[in-house]
Amino acid sequence: MKTLAAATAALLLIAPAALAQDAEADISRVLDQLNVASTAADTTAYFSLFTPDARFIGTDATERWSLPEFRAYTEPYFAQGRGWTYTPRERVITIAPIDCRCLAWFDEVLDNASYGVTRGSGVLRLTDDGWKIEQYVLSFAIPNDKARAVVDVVRAGQ
């Protein structure tokens, strides 16, 4: 009886860690699929990874799009076969505590041929169809010692 109780206790301690690893792997797959679909300019695959009420926040201060707005922006590029490639270098995923386990947030360092080092961050929600992107934020990674020069350029253009 003691062995059964010990085994049950061990499973209760191990199960959350295993579930977290599975969820992290699933979330990584979603984010990797996003990069594959954008590189391939595959509208259907790309937008299937988002929740219907998702937001995409781009690098420009005016780029806060609902999913339909972002799709309208993206489709002309994808229709020409012009996607974009962001290659993940580092990624950190955090899943909401055990009582929910239905939300996760991430940040990742990405490489892009045009923009160099960028950062993606956002939130995913667990839906009946698996993990979906609720919000994605793309930003430029500006080294602190270059920030003043960049801010000056931005201000000069306003």
# chains A, B, ... in the order shown; residues from 1 in each chain; ligands from 1

$ select_by_dssp --residues "chain A" --states "alpha helix (DSSP H)" --output "PyMOL selection string"
chain A and resi 2-39+43-47+67-79+144-156

$ select_by_dssp --residues "segment 50-139 of chain A" --states "strand (DSSP E)" --output "JSON, numbers by chain"
{"A": [50, 51, 52, 53, 54, 55, 56, 57, 64, 65, 66, 87, 88, 89, 90, 91, 92, 93, 94, 95, 103, 104, 105, 106, 107, 108, 109, 110, 111, 112, 116, 117, 118, 119, 120, 121, 122, 123, 124, 125, 126, 127, 130, 131, 132, 133, 134, 135, 136, 137, 138, 139]}

$ write_last_selection --atoms "N, CA and C atoms" --output "short mmCIF file (atom, residue, chain, number, x, y, z; two decimals), in the first residue's frame"
data_model
loop_
_atom_site.label_atom_id
_atom_site.label_comp_id
_atom_site.auth_asym_id
_atom_site.auth_seq_id
_atom_site.Cartn_x
_atom_site.Cartn_y
_atom_site.Cartn_z
N PHE A 50 -3.66 31.82 -35.65
CA PHE A 50 -4.12 32.90 -34.79
C PHE A 50 -5.55 32.64 -34.31
N THR A 51 -5.89 33.19 -33.15
CA THR A 51 -7.29 33.19 -32.72
C THR A 51 -8.04 34.20 -33.58
N PRO A 52 -9.36 34.05 -33.72
CA PRO A 52 -10.12 34.99 -34.55
C PRO A 52 -10.03 36.44 -34.06
N ASP A 53 -9.83 36.65 -32.77
CA ASP A 53 -9.76 38.00 -32.21
C ASP A 53 -8.32 38.45 -31.93
N ALA A 54 -7.36 37.82 -32.60
CA ALA A 54 -5.95 38.12 -32.36
C ALA A 54 -5.59 39.55 -32.77
N ARG A 55 -4.49 40.00 -32.22
CA ARG A 55 -3.89 41.29 -32.57
C ARG A 55 -2.46 41.05 -33.03
N PHE A 56 -2.05 41.82 -34.05
CA PHE A 56 -0.65 41.81 -34.48
C PHE A 56 -0.14 43.23 -34.32
N ILE A 57 0.94 43.38 -33.58
CA ILE A 57 1.52 44.69 -33.34
C ILE A 57 2.88 44.71 -34.01
N ARG A 64 -1.05 48.43 -35.19
CA ARG A 64 -1.79 47.65 -34.19
C ARG A 64 -3.04 47.16 -34.91
N TRP A 65 -2.94 45.94 -35.41
CA TRP A 65 -3.96 45.42 -36.31
C TRP A 65 -4.80 44.33 -35.66
N SER A 66 -6.10 44.35 -35.95
CA SER A 66 -6.94 43.18 -35.69
C SER A 66 -6.53 42.14 -36.72
N THR A 87 14.14 33.89 -38.43
CA THR A 87 14.70 32.65 -37.92
C THR A 87 14.94 32.78 -36.42
N PRO A 88 14.26 31.93 -35.63
CA PRO A 88 14.44 32.04 -34.19
C PRO A 88 15.84 31.64 -33.75
N ARG A 89 16.40 32.44 -32.88
CA ARG A 89 17.71 32.18 -32.30
C ARG A 89 17.56 31.71 -30.85
N GLU A 90 16.68 32.37 -30.12
CA GLU A 90 16.40 32.02 -28.72
C GLU A 90 14.90 32.17 -28.50
N ARG A 91 14.37 31.36 -27.60
CA ARG A 91 12.94 31.47 -27.28
C ARG A 91 12.71 31.07 -25.83
N VAL A 92 11.89 31.85 -25.15
CA VAL A 92 11.48 31.55 -23.79
C VAL A 92 9.96 31.49 -23.76
N ILE A 93 9.42 30.41 -23.23
CA ILE A 93 7.97 30.22 -23.14
C ILE A 93 7.61 30.07 -21.67
N THR A 94 6.58 30.78 -21.27
CA THR A 94 6.06 30.67 -19.90
C THR A 94 4.59 30.31 -19.99
N ILE A 95 4.20 29.30 -19.24
CA ILE A 95 2.80 28.84 -19.25
C ILE A 95 2.16 29.26 -17.94
N LEU A 103 -3.13 29.66 -20.96
CA LEU A 103 -2.46 30.82 -21.52
C LEU A 103 -0.96 30.65 -21.42
N ALA A 104 -0.28 31.17 -22.41
CA ALA A 104 1.18 31.14 -22.39
C ALA A 104 1.68 32.43 -23.03
N TRP A 105 2.83 32.86 -22.60
CA TRP A 105 3.46 34.01 -23.23
C TRP A 105 4.88 33.63 -23.60
N PHE A 106 5.42 34.35 -24.55
CA PHE A 106 6.75 34.01 -25.06
C PHE A 106 7.49 35.27 -25.45
N ASP A 107 8.78 35.14 -25.53
CA ASP A 107 9.61 36.13 -26.20
C ASP A 107 10.70 35.37 -26.92
N GLU A 108 11.07 35.88 -28.06
CA GLU A 108 12.09 35.21 -28.86
C GLU A 108 12.96 36.23 -29.57
N VAL A 109 14.21 35.87 -29.75
CA VAL A 109 15.14 36.66 -30.53
C VAL A 109 15.17 36.03 -31.91
N LEU A 110 14.96 36.87 -32.93
CA LEU A 110 14.85 36.39 -34.31
C LEU A 110 15.88 37.08 -35.19
N ASP A 111 16.35 36.38 -36.20
CA ASP A 111 17.22 36.97 -37.21
C ASP A 111 16.41 37.18 -38.48
N ASN A 112 16.61 38.33 -39.13
CA ASN A 112 15.92 38.67 -40.36
C ASN A 112 16.92 39.31 -41.31
N GLY A 116 17.99 42.49 -39.47
CA GLY A 116 18.97 41.99 -38.52
C GLY A 116 18.29 41.32 -37.34
N VAL A 117 18.74 41.63 -36.15
CA VAL A 117 18.19 41.01 -34.94
C VAL A 117 16.88 41.71 -34.58
N THR A 118 15.83 40.93 -34.42
CA THR A 118 14.53 41.45 -34.00
C THR A 118 14.04 40.64 -32.81
N ARG A 119 12.92 41.07 -32.26
CA ARG A 119 12.32 40.33 -31.15
C ARG A 119 10.85 40.13 -31.45
N GLY A 120 10.40 38.92 -31.20
CA GLY A 120 8.97 38.62 -31.24
C GLY A 120 8.53 38.28 -29.83
N SER A 121 7.35 38.72 -29.48
CA SER A 121 6.80 38.37 -28.18
C SER A 121 5.29 38.31 -28.32
N GLY A 122 4.66 37.63 -27.40
CA GLY A 122 3.22 37.57 -27.49
C GLY A 122 2.59 36.60 -26.52
N VAL A 123 1.32 36.33 -26.80
CA VAL A 123 0.49 35.49 -25.95
C VAL A 123 -0.20 34.45 -26.82
N LEU A 124 -0.26 33.23 -26.30
CA LEU A 124 -1.03 32.16 -26.95
C LEU A 124 -2.11 31.69 -25.99
N ARG A 125 -3.21 31.21 -26.58
CA ARG A 125 -4.32 30.69 -25.78
C ARG A 125 -4.60 29.27 -26.24
N LEU A 126 -4.86 28.40 -25.29
CA LEU A 126 -5.22 27.02 -25.61
C LEU A 126 -6.69 26.99 -26.00
N THR A 127 -6.97 26.56 -27.23
CA THR A 127 -8.33 26.49 -27.75
C THR A 127 -8.69 25.03 -28.00
N GLY A 130 -6.19 23.51 -30.25
CA GLY A 130 -4.79 23.58 -29.84
C GLY A 130 -4.39 25.01 -29.54
N TRP A 131 -3.09 25.24 -29.38
CA TRP A 131 -2.56 26.55 -29.04
C TRP A 131 -2.67 27.48 -30.25
N LYS A 132 -3.19 28.68 -30.02
CA LYS A 132 -3.33 29.70 -31.06
C LYS A 132 -2.75 31.01 -30.55
N ILE A 133 -2.24 31.80 -31.47
CA ILE A 133 -1.65 33.08 -31.13
C ILE A 133 -2.77 34.10 -30.90
N GLU A 134 -2.76 34.68 -29.72
CA GLU A 134 -3.74 35.71 -29.33
C GLU A 134 -3.19 37.10 -29.66
N GLN A 135 -1.90 37.27 -29.44
CA GLN A 135 -1.25 38.54 -29.75
C GLN A 135 0.20 38.27 -30.11
N TYR A 136 0.66 38.96 -31.16
CA TYR A 136 2.06 38.86 -31.56
C TYR A 136 2.59 40.28 -31.69
N VAL A 137 3.77 40.51 -31.11
CA VAL A 137 4.42 41.81 -31.18
C VAL A 137 5.80 41.62 -31.80
N LEU A 138 6.06 42.33 -32.88
CA LEU A 138 7.37 42.30 -33.52
C LEU A 138 8.06 43.62 -33.24
N SER A 139 9.29 43.56 -32.80
CA SER A 139 10.02 44.79 -32.51
C SER A 139 11.47 44.68 -32.96
#

$ closest_residue --among "A:Ile142, A:Arg155, A:Arg101, A:Ala149" --to "Ala23 of chain A" --atoms "only C-alpha atoms"
A:Arg101

$ residues_around --residues "Thr85 of chain A" --least-positions-apart "4" --cutoff "8 Å" --atoms "only C-alpha atoms" --output "PyMOL selection string"
chain A and resi 35-36+38-39+112-113

$ write_last_selection --atoms "all heavy atoms" --output "tab-separated table (two decimals), in the first residue's frame"
chain	number	residue	atom	x	y	z
A	35	ASN	N	6.64	30.88	-38.70
A	35	ASN	CA	7.79	31.28	-39.50
A	35	ASN	C	7.84	30.54	-40.83
A	35	ASN	O	8.17	31.14	-41.87
A	35	ASN	CB	9.09	31.06	-38.71
A	35	ASN	CG	9.19	32.02	-37.54
A	35	ASN	OD1	8.86	33.19	-37.65
A	35	ASN	ND2	9.63	31.52	-36.40
A	36	VAL	N	7.50	29.26	-40.84
A	36	VAL	CA	7.48	28.49	-42.09
A	36	VAL	C	6.41	29.05	-43.04
A	36	VAL	O	6.66	29.26	-44.23
A	36	VAL	CB	7.24	26.99	-41.81
A	36	VAL	CG1	6.92	26.23	-43.09
A	36	VAL	CG2	8.45	26.38	-41.11
A	38	SER	N	5.05	32.07	-43.06
A	38	SER	CA	5.37	33.42	-43.55
A	38	SER	C	6.45	33.36	-44.62
A	38	SER	O	6.39	34.09	-45.60
A	38	SER	CB	5.76	34.35	-42.41
A	38	SER	OG	6.96	33.94	-41.79
A	39	THR	N	7.42	32.49	-44.45
A	39	THR	CA	8.47	32.34	-45.47
A	39	THR	C	7.87	31.86	-46.79
A	39	THR	O	8.24	32.33	-47.86
A	39	THR	CB	9.55	31.36	-44.99
A	39	THR	OG1	10.18	31.91	-43.82
A	39	THR	CG2	10.61	31.12	-46.05
A	112	ASN	N	16.61	38.33	-39.13
A	112	ASN	CA	15.92	38.67	-40.36
A	112	ASN	C	16.92	39.31	-41.31
A	112	ASN	O	17.71	40.16	-40.88
A	112	ASN	CB	14.75	39.62	-40.06
A	112	ASN	CG	14.04	40.07	-41.30
A	112	ASN	OD1	14.38	41.09	-41.88
A	112	ASN	ND2	13.03	39.32	-41.70
A	113	ALA	N	16.88	38.92	-42.58
A	113	ALA	CA	17.85	39.43	-43.55
A	113	ALA	C	17.79	40.94	-43.70
A	113	ALA	O	18.82	41.60	-43.85
A	113	ALA	CB	17.64	38.75	-44.90

$ residues_around --residues "Ala40 of chain A" --least-positions-apart "6" --cutoff "10 Å" --atoms "only C-alpha atoms" --output "list in words"
Leu34, Tyr46, Phe78, Gly81, Arg82, Gly83, Trp84 and Thr85 of chain A

$ atom_distance --atom1 "atom CA of Ser114 of chain A" --atom2 "atom CA of Gln33 of chain A"
20.6 Å

$ atom_distance --atom1 "atom CA of Leu49 of chain A" --atom2 "atom CA of Val30 of chain A"
6.8 Å

$ atom_distance --atom1 "atom CA of Ala61 of chain A" --atom2 "atom CA of Leu31 of chain A"
23.3 Å
